[in-house]
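For reference, coords-v2.txt is printed below; it contains compact mmCIF, C-alpha atoms and all ligand atoms.
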# COMPACT_ATOMS: atom_id res chain seq x y z
CA MET A 1 0.00 0.00 0.00
CA LYS A 2 2.84 2.35 0.98
CA LYS A 3 4.54 1.54 -2.31
CA LEU A 4 1.37 2.33 -4.25
CA LEU A 5 0.97 5.66 -2.42
CA LEU A 6 4.57 6.57 -3.24
CA LEU A 7 4.02 5.73 -6.90
CA VAL A 8 0.87 7.92 -7.04
CA LEU A 9 2.79 10.79 -5.44
CA ILE A 10 5.68 10.48 -7.90
CA VAL A 11 3.37 10.31 -10.94
CA THR A 12 1.35 13.33 -9.70
CA ALA A 13 4.54 15.32 -9.10
CA LEU A 14 5.83 14.43 -12.57
CA VAL A 15 2.57 15.43 -14.22
CA PHE A 16 2.52 18.81 -12.46
CA THR A 17 6.16 19.68 -13.05
CA GLY A 18 5.75 18.51 -16.67
CA CYS A 19 2.80 20.86 -17.24
CA ALA A 20 4.53 23.73 -15.57
CA LYS A 21 7.58 23.16 -17.70
CA LYS A 22 5.50 23.05 -20.89
CA GLU A 23 3.80 26.38 -20.12
CA THR A 24 7.04 28.29 -19.69
CA GLN A 25 8.47 26.64 -22.82
CA SER A 26 5.63 27.73 -25.04
CA VAL A 27 6.95 31.30 -24.87
CA ASN A 28 10.09 30.17 -26.64
CA GLU A 29 8.39 27.93 -29.15
CA PRO A 30 8.51 28.87 -32.84
CA GLN A 31 6.20 31.80 -33.49
CA THR A 32 3.12 31.60 -35.66
CA PRO A 33 3.37 33.59 -38.94
CA ALA A 34 1.03 36.27 -37.59
CA ALA A 35 3.46 36.96 -34.78
CA LYS A 36 6.68 36.90 -36.84
CA SER A 37 9.14 39.58 -35.87
CA LYS A 38 10.80 39.87 -39.31
CA TRP A 39 9.16 40.05 -42.72
CA VAL A 40 11.10 39.91 -45.96
CA ILE A 41 9.68 41.64 -49.04
CA GLY A 42 11.22 41.11 -52.47
CA MET A 43 10.74 44.12 -54.73
CA SER A 44 11.29 43.61 -58.48
CA GLN A 45 11.49 46.97 -60.28
CA CYS A 46 11.38 46.77 -64.08
CA ASN A 47 14.03 49.46 -64.50
CA LEU A 48 15.66 52.36 -62.71
CA GLY A 49 16.47 54.39 -65.82
CA GLU A 50 13.68 56.92 -65.32
CA PRO A 51 13.09 59.37 -62.44
CA TRP A 52 9.59 57.97 -61.89
CA ARG A 53 10.92 54.48 -61.06
CA VAL A 54 13.67 55.86 -58.83
CA GLN A 55 10.89 57.74 -57.02
CA MET A 56 8.81 54.56 -56.67
CA ASN A 57 11.70 52.75 -54.97
CA ALA A 58 12.32 55.78 -52.73
CA ASP A 59 8.61 55.78 -51.75
CA VAL A 60 8.80 52.05 -50.92
CA ARG A 61 11.97 52.57 -48.88
CA LEU A 62 10.55 55.55 -46.97
CA ALA A 63 7.35 53.71 -46.06
CA ALA A 64 9.25 50.54 -45.08
CA GLU A 65 11.59 52.47 -42.77
CA LYS A 66 8.61 53.16 -40.51
CA HIS A 67 8.35 49.42 -39.81
CA PRO A 68 11.59 48.05 -38.34
CA GLU A 69 10.25 44.50 -38.72
CA LEU A 70 10.33 44.87 -42.54
CA GLN A 71 13.28 44.10 -44.74
CA VAL A 72 12.95 45.01 -48.42
CA VAL A 73 15.28 43.38 -50.96
CA PHE A 74 15.35 45.52 -54.13
CA LYS A 75 16.15 44.11 -57.57
CA ASP A 76 16.43 46.15 -60.80
CA ALA A 77 15.49 44.23 -63.97
CA GLN A 78 17.13 46.90 -66.17
CA ASN A 79 14.21 46.92 -68.61
CA ASP A 80 14.77 43.24 -69.45
CA THR A 81 11.71 40.97 -69.24
CA LEU A 82 13.76 37.76 -68.96
CA LYS A 83 15.81 39.24 -66.13
CA GLN A 84 12.61 40.19 -64.34
CA GLN A 85 11.20 36.66 -64.71
CA ALA A 86 14.42 35.31 -63.18
CA GLN A 87 14.18 37.78 -60.30
CA VAL A 88 10.71 36.57 -59.35
CA GLU A 89 11.98 32.97 -59.51
CA GLU A 90 14.85 33.94 -57.20
CA PHE A 91 12.43 35.48 -54.72
CA ILE A 92 10.32 32.30 -54.82
CA SER A 93 13.30 30.05 -54.08
CA ALA A 94 14.54 32.41 -51.36
CA GLY A 95 11.13 32.00 -49.69
CA VAL A 96 10.39 35.71 -49.22
CA ASP A 97 7.16 36.52 -47.38
CA LEU A 98 5.81 38.85 -50.05
CA ILE A 99 6.73 40.00 -53.56
CA ILE A 100 6.10 43.47 -54.96
CA ILE A 101 6.50 43.57 -58.73
CA SER A 102 6.26 46.51 -61.09
CA PRO A 103 6.37 44.45 -64.28
CA LYS A 104 7.95 45.57 -67.53
CA GLU A 105 5.31 43.88 -69.70
CA ALA A 106 1.98 42.19 -69.02
CA ALA A 107 1.90 38.86 -70.90
CA PRO A 108 5.46 37.54 -70.42
CA LEU A 109 5.44 38.20 -66.67
CA THR A 110 2.00 36.70 -66.02
CA PRO A 111 3.13 33.02 -65.67
CA VAL A 112 5.91 33.59 -63.14
CA VAL A 113 3.67 35.82 -61.00
CA ALA A 114 1.03 33.06 -61.12
CA VAL A 115 3.62 30.48 -59.99
CA ALA A 116 4.55 32.61 -56.95
CA PHE A 117 0.88 33.18 -56.11
CA GLU A 118 -0.01 29.51 -56.43
CA LYS A 119 2.91 28.59 -54.16
CA GLY A 120 1.22 30.71 -51.49
CA ILE A 121 3.44 33.79 -51.74
CA THR A 122 1.56 37.07 -51.46
CA VAL A 123 2.12 39.15 -54.61
CA ILE A 124 1.39 42.86 -54.97
CA VAL A 125 1.45 44.03 -58.60
CA LEU A 126 2.27 47.71 -58.85
CA ASP A 127 1.57 50.23 -61.68
CA ARG A 128 1.70 47.99 -64.78
CA ARG A 129 -0.61 44.97 -64.76
CA VAL A 130 -0.14 41.30 -65.49
CA LEU A 131 -2.95 39.35 -67.20
CA GLY A 132 -5.61 37.29 -65.40
CA ASP A 133 -6.11 37.31 -61.63
CA LYS A 134 -3.37 35.12 -60.16
CA TYR A 135 -1.92 37.72 -57.80
CA THR A 136 -3.00 39.05 -54.42
CA CYS A 137 -3.56 42.72 -55.16
CA PHE A 138 -3.08 45.32 -57.90
CA ILE A 139 -2.24 48.92 -56.99
CA GLY A 140 -2.17 51.72 -59.57
CA ALA A 141 -3.94 54.78 -60.90
CA ASP A 142 -6.65 54.58 -63.54
CA ASN A 143 -4.78 55.02 -66.84
CA LYS A 144 -7.93 55.03 -68.97
CA LYS A 145 -9.29 57.88 -66.90
CA ILE A 146 -5.99 59.77 -67.11
CA GLY A 147 -5.92 59.31 -70.92
CA LYS A 148 -9.54 60.39 -71.25
CA SER A 149 -9.01 63.48 -69.05
CA ALA A 150 -5.94 64.37 -71.12
CA GLY A 151 -8.02 64.00 -74.29
CA LYS A 152 -10.77 66.27 -72.99
CA TRP A 153 -8.26 68.80 -71.72
CA ILE A 154 -6.58 68.87 -75.15
CA VAL A 155 -9.90 69.30 -77.00
CA GLU A 156 -10.64 72.31 -74.82
CA LYS A 157 -7.13 73.75 -75.09
CA LEU A 158 -7.18 73.54 -78.90
CA GLY A 159 -10.73 74.86 -79.18
CA GLY A 160 -12.05 71.59 -80.57
CA LYS A 161 -9.67 71.07 -83.49
CA GLY A 162 -6.00 70.69 -84.30
CA LYS A 163 -3.15 68.50 -85.48
CA VAL A 164 -1.80 66.24 -82.77
CA VAL A 165 1.17 63.86 -82.42
CA GLU A 166 0.70 60.93 -80.01
CA LEU A 167 3.90 59.44 -78.57
CA LYS A 168 2.89 56.17 -76.95
CA GLY A 169 4.36 54.20 -74.07
CA LEU A 170 5.37 50.60 -74.67
CA MET A 171 2.22 49.08 -76.14
CA THR A 172 2.79 45.66 -74.53
CA THR A 173 2.15 47.38 -71.19
CA THR A 174 -1.28 48.15 -69.79
CA PRO A 175 -0.59 51.85 -69.03
CA GLY A 176 0.41 52.36 -72.69
CA GLN A 177 -2.74 50.61 -73.93
CA ASP A 178 -5.04 52.44 -71.50
CA ARG A 179 -3.51 55.90 -71.96
CA HIS A 180 -4.05 55.40 -75.70
CA SER A 181 -7.63 54.08 -75.61
CA GLY A 182 -8.68 56.56 -72.90
CA PHE A 183 -7.25 59.43 -74.94
CA ARG A 184 -9.04 58.36 -78.11
CA ASP A 185 -12.23 58.21 -76.10
CA GLY A 186 -11.61 61.72 -74.73
CA ILE A 187 -11.13 63.29 -78.20
CA LYS A 188 -13.92 61.41 -79.98
CA ASP A 189 -16.46 63.58 -81.83
CA SER A 190 -13.97 66.48 -81.82
CA GLY A 191 -12.05 67.96 -84.73
CA ILE A 192 -8.71 66.68 -83.39
CA GLU A 193 -6.67 64.92 -86.02
CA ILE A 194 -3.89 62.50 -85.03
CA ILE A 195 -1.36 63.15 -87.78
CA PHE A 196 1.44 60.98 -86.38
CA GLU A 197 1.66 58.25 -83.74
CA ALA A 198 4.60 56.14 -82.63
CA ASP A 199 5.59 53.78 -79.80
CA MET A 200 8.47 55.48 -77.98
CA LYS A 201 8.51 52.68 -75.36
CA TRP A 202 8.42 55.19 -72.45
CA LEU A 203 11.94 56.42 -73.32
CA GLU A 204 12.98 60.03 -73.86
CA PRO A 205 15.63 59.35 -76.54
CA ASN A 206 13.09 57.33 -78.58
CA ALA A 207 10.51 60.12 -78.22
CA ARG A 208 13.04 62.65 -79.46
CA LYS A 209 13.83 60.53 -82.53
CA GLU A 210 10.16 59.94 -83.34
CA MET A 211 9.43 63.65 -82.97
CA GLU A 212 12.26 64.46 -85.39
CA SER A 213 10.44 62.31 -88.00
CA ALA A 214 7.12 64.00 -87.23
CA LEU A 215 8.68 67.47 -87.54
CA ALA A 216 10.30 66.54 -90.84
CA ARG A 217 6.99 65.34 -92.25
CA PHE A 218 4.52 67.89 -90.92
CA PRO A 219 4.92 71.67 -91.24
CA GLN A 220 2.12 72.19 -88.75
CA ILE A 221 1.92 70.38 -85.41
CA ASP A 222 -0.30 71.99 -82.77
CA LEU A 223 0.24 69.66 -79.84
CA VAL A 224 2.16 66.60 -78.65
CA TYR A 225 0.42 64.17 -76.31
CA ALA A 226 3.09 61.89 -74.81
CA HIS A 227 2.22 58.97 -72.54
CA ASN A 228 4.85 60.11 -70.02
CA ASP A 229 6.78 63.26 -69.17
CA PRO A 230 10.15 61.95 -70.40
CA GLY A 231 8.40 61.43 -73.77
CA ALA A 232 7.02 64.98 -73.77
CA HIS A 233 10.45 66.32 -72.85
CA GLY A 234 12.15 64.36 -75.65
CA ALA A 235 9.62 65.79 -78.12
CA TYR A 236 10.24 69.29 -76.78
CA LEU A 237 13.99 68.93 -77.29
CA ALA A 238 13.46 67.81 -80.90
CA ALA A 239 11.14 70.77 -81.55
CA GLN A 240 13.60 73.14 -79.90
CA ALA A 241 16.43 71.86 -82.12
CA ALA A 242 14.18 72.57 -85.13
CA GLY A 243 13.28 76.03 -83.77
CA ARG A 244 9.61 75.07 -83.50
CA GLU A 245 9.07 74.57 -79.75
CA LYS A 246 7.14 77.86 -79.37
CA ASP A 247 4.53 76.75 -81.95
CA ILE A 248 3.72 73.45 -80.20
CA ILE A 249 1.92 72.61 -76.95
CA PHE A 250 3.37 69.69 -74.94
CA VAL A 251 1.29 67.46 -72.65
CA GLY A 252 2.60 64.49 -70.65
CA ILE A 253 1.87 62.12 -67.78
CA ASP A 254 3.59 61.38 -64.41
CA GLY A 255 3.59 64.83 -62.78
CA LEU A 256 6.59 64.32 -60.50
CA PRO A 257 7.53 67.53 -58.64
CA GLN A 258 11.09 67.34 -59.96
CA GLU A 259 10.04 66.48 -63.54
CA GLY A 260 6.55 67.15 -65.00
CA GLN A 261 5.59 69.81 -62.45
CA ALA A 262 8.95 71.53 -62.93
CA TYR A 263 8.50 71.51 -66.75
CA VAL A 264 5.05 73.05 -66.32
CA LYS A 265 6.46 75.77 -64.04
CA GLN A 266 9.18 76.50 -66.60
CA GLY A 267 6.54 76.80 -69.32
CA LEU A 268 8.07 73.96 -71.32
CA MET A 269 4.97 71.76 -70.91
CA SER A 270 1.37 73.01 -70.69
CA ALA A 271 0.00 70.11 -68.64
CA SER A 272 1.22 67.06 -66.80
CA PHE A 273 -1.20 64.44 -65.46
CA GLU A 274 -0.16 62.82 -62.21
CA TYR A 275 0.61 59.11 -62.11
CA PRO A 276 1.35 58.30 -58.46
CA THR A 277 3.99 55.63 -57.90
CA GLY A 278 1.98 53.71 -55.29
CA GLY A 279 5.20 52.78 -53.45
CA GLY A 280 3.90 53.92 -50.05
CA GLU A 281 0.52 52.24 -50.60
CA ALA A 282 2.27 48.95 -51.48
CA ILE A 283 4.03 48.90 -48.10
CA GLU A 284 0.85 49.90 -46.23
CA THR A 285 -0.99 47.06 -48.00
CA ALA A 286 1.81 44.59 -47.21
CA MET A 287 1.57 45.52 -43.52
CA LYS A 288 -2.19 44.96 -43.55
CA LEU A 289 -1.68 41.54 -45.12
CA PHE A 290 1.00 40.61 -42.55
CA ASN A 291 -1.41 41.66 -39.80
CA GLY A 292 -4.07 39.36 -41.23
CA ASP A 293 -6.40 42.19 -42.35
CA THR A 294 -8.46 41.73 -45.48
CA ILE A 295 -7.69 44.07 -48.36
CA ASP A 296 -9.29 44.89 -51.71
CA LYS A 297 -7.84 43.03 -54.69
CA GLU A 298 -7.83 46.29 -56.67
CA ILE A 299 -6.57 49.54 -55.15
CA THR A 300 -7.05 52.58 -57.43
CA LEU A 301 -4.98 55.69 -56.74
CA LYS A 302 -6.19 59.20 -57.50
CA SER A 303 -4.54 61.60 -59.98
CA ARG A 304 -4.27 65.34 -60.42
CA VAL A 305 -3.57 67.55 -63.40
CA PHE A 306 -0.88 70.21 -63.14
CA THR A 307 -1.05 73.33 -65.32
CA LYS A 308 0.62 76.72 -65.08
CA ASP A 309 -2.48 78.09 -63.34
CA ASN A 310 -2.79 75.46 -60.62
CA VAL A 311 0.68 73.93 -60.12
CA ASP A 312 1.67 76.27 -57.28
CA ALA A 313 -1.58 75.46 -55.49
CA GLY A 314 -0.94 71.69 -55.77
CA GLY A 315 -2.82 70.87 -59.00
CA GLU A 316 -6.42 69.83 -59.48
CA TRP A 317 -7.90 66.37 -58.84
CA LEU A 318 -9.36 64.63 -61.88
CA SER A 319 -13.13 64.48 -61.63
CA GLU A 320 -14.98 61.16 -61.46
C1 LIG A 401 8.50 54.64 -66.01
C2 LIG A 401 7.21 54.82 -66.68
C3 LIG A 401 6.49 56.07 -66.25
C4 LIG A 401 5.12 55.69 -66.61
C5 LIG A 401 5.07 54.29 -66.12
C6 LIG A 401 4.03 53.46 -66.73
O1 LIG A 401 9.09 53.44 -66.45
O2 LIG A 401 7.44 54.85 -68.05
O3 LIG A 401 6.98 57.21 -66.86
O4 LIG A 401 4.16 56.51 -66.11
O5 LIG A 401 6.32 53.76 -66.38
O6 LIG A 401 4.07 52.17 -66.28

Rewrite the structure from the file as structure tokens, please.
Amino acid sequence: MKKLLLLVLIVTALVFTGCAKKETQSVNEPQTPAAKSKWVIGMSQCNLGEPWRVQMNADVRLAAEKHPELQVVFKDAQNDTLKQQAQVEEFISAGVDLIIISPKEAAPLTPVVAVAFEKGITVIVLDRRVLGDKYTCFIGADNKKIGKSAGKWIVEKLGGKGKVVELKGLMTTTPGQDRHSGFRDGIKDSGIEIIFEADMKWLEPNARKEMESALARFPQIDLVYAHNDPGAHGAYLAAQAAGREKDIIFVGIDGLPQEGQAYVKQGLMSASFEYPTGGGEAIETAMKLFNGDTIDKEITLKSRVFTKDNVDAGGEWLSE
């Protein structure tokens, strides 16, 4: 009987000390994802050759600095689609917690984004779209609306008619396609005539070359609508070299303070439509996702138009 009592006492003591031990241990056990103290974000930027993209990375960095638990690994694809595909693959194998991609082109980058998404990695697509819906969230401004507003603004500026050159962004990208179709919608039923159009692939030197051809062919050009401000600036330089910059109105898109807004202030461009980078919003959205909050799959950013009359007052928001 004594032996049995001793055994019961030993077993009871073991059970209690065991439990107590387990409770204190649980504090040191591996943390659940929701309580992770370090999050790694892989950011694949399609190129850093233009001020707008440098600004996007700076906006991402600034927002991320407010969260010490975030580490952002930046990669620059140098305007090379294959390089950008490889970067996403590298992020997948490194097992990052989240990928932000600002893709060079839609179709060729769709499959690799889908692979990451299907492997359970959260993917935020920023500014240019991929095709389909195999990503977590898209953040960007409404390029159709920007194009349409630019079209309407131009119709008004030219009094309903005039000869216009359209310098397009890379047409395998969704902003290029939408800024074109939106613009055509904005000028429909007007007397605006598109006398020359070319794909300058978002690049200032290309825009300058294309504008040289347009100037050589057309003695009268009333206005240049370029899908971004570097394009408008390239066209301006070509017109200036031909001594015709005073006869032509230049309109572009991006509206960075140090670029489009500055050109408007200098009187070199008549209007620049804002295209926000979304870098800060991407980090805010990533934080919400890490905290387990639900987010919208589509986040649309607002845009302003900057003209000589309103630029000092901070521009004017595009109407709905
Ligand atoms: C920079 C850029 C911007 C433009 C955006 C469109 O690469 O060309 O000027 O607004 O990309 O995706």

If you take all atoms listed in the file and a cut-off of 7 Å, which residues of chain A touch ligand LIG 401 (chain A), and what are their nearest atom pairs and distances in Å to one decimal, in chain and number order, as JSON lines?
{"residue": "A:Asn47", "atom": "CA", "partner": "A:LIG401", "partner_atom": "O1", "distance": 6.6}
{"residue": "A:Glu50", "atom": "CA", "partner": "A:LIG401", "partner_atom": "C1", "distance": 5.7}
{"residue": "A:Trp52", "atom": "CA", "partner": "A:LIG401", "partner_atom": "C1", "distance": 5.4}
{"residue": "A:Arg53", "atom": "CA", "partner": "A:LIG401", "partner_atom": "C1", "distance": 5.5}
{"residue": "A:Asp127", "atom": "CA", "partner": "A:LIG401", "partner_atom": "O6", "distance": 5.6}
{"residue": "A:Arg128", "atom": "CA", "partner": "A:LIG401", "partner_atom": "O6", "distance": 5.0}
{"residue": "A:Gly169", "atom": "CA", "partner": "A:LIG401", "partner_atom": "O2", "distance": 6.8}
{"residue": "A:Pro175", "atom": "CA", "partner": "A:LIG401", "partner_atom": "C6", "distance": 5.4}
{"residue": "A:Trp202", "atom": "CA", "partner": "A:LIG401", "partner_atom": "O2", "distance": 4.5}
{"residue": "A:Asn228", "atom": "CA", "partner": "A:LIG401", "partner_atom": "O3", "distance": 4.8}
{"residue": "A:Asp229", "atom": "CA", "partner": "A:LIG401", "partner_atom": "O3", "distance": 6.5}
{"residue": "A:Pro230", "atom": "CA", "partner": "A:LIG401", "partner_atom": "O3", "distance": 6.7}
{"residue": "A:Ile253", "atom": "CA", "partner": "A:LIG401", "partner_atom": "O4", "distance": 6.3}
{"residue": "A:Asp254", "atom": "CA", "partner": "A:LIG401", "partner_atom": "O4", "distance": 5.2}
{"residue": "A:Tyr275", "atom": "CA", "partner": "A:LIG401", "partner_atom": "O4", "distance": 5.9}

_Need to verify the contact set: Ile121 (chain A), 12 Å, all atoms listed in the file, exclusion of same-chain residues closer than 2 positions in sequence. Can you return it as an NGL selection string?_
:A and (40-42 or 88-89 or 91-100 or 112-119 or 123-124 or 134-137 or 286 or 289-290)

*asked:* Quick one: residues within 7 Å of Cys46 (chain A), all atoms listed in the file, excluding same-chain residues fewer than 6 positions away - as a ChimeraX atom specification?
replied: /A:76-79,84,102-104

*Counting only C-alpha atoms, the option among A:Ala150, A:Ala207, A:Ile194, A:Ala86 closest to Gly182 (chain A)*: A:Ala150

_Given all atoms listed in the file as the counted atoms, nearest of A:Met43, A:Leu170, A:Leu215, A:Ala238 to Met200 (chain A)_ =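 Checking each of A:Met43, A:Leu170, A:Leu215, A:Ala238 against Met200 (chain A), counting all atoms listed in the file, the winner is A:Leu170.
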
*Write out as a ChimeraX atom specification which residues come within 10 Å of Lys157 (chain A) when counting all atoms listed in the file, dropping same-chain ones fewer than 5 positions away.*
/A:151-152,162,223,249,270

_Gap from CA of Ala106 (chain A) to CA of Lys297 (chain A) - Å, one decimal_ = 17.4 Å

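Straight-line separation from CA of Leu70 (chain A) to CA of Ser37 (chain A): 8.6 Å.
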
_Distance query Ile195 (chain A) at most 12 Å, all atoms listed in the file, self and fewer than 4 positions along chain excluded, as a ChimeraX atom specification_ = /A:162-167,211,213-215,217-225

*At most 10 Å from (10.9, 61.6, -78.7), file frame, all atoms listed in the file: which residues, as a ChimeraX atom specification?*
/A:167-168,198-214,226,230-239
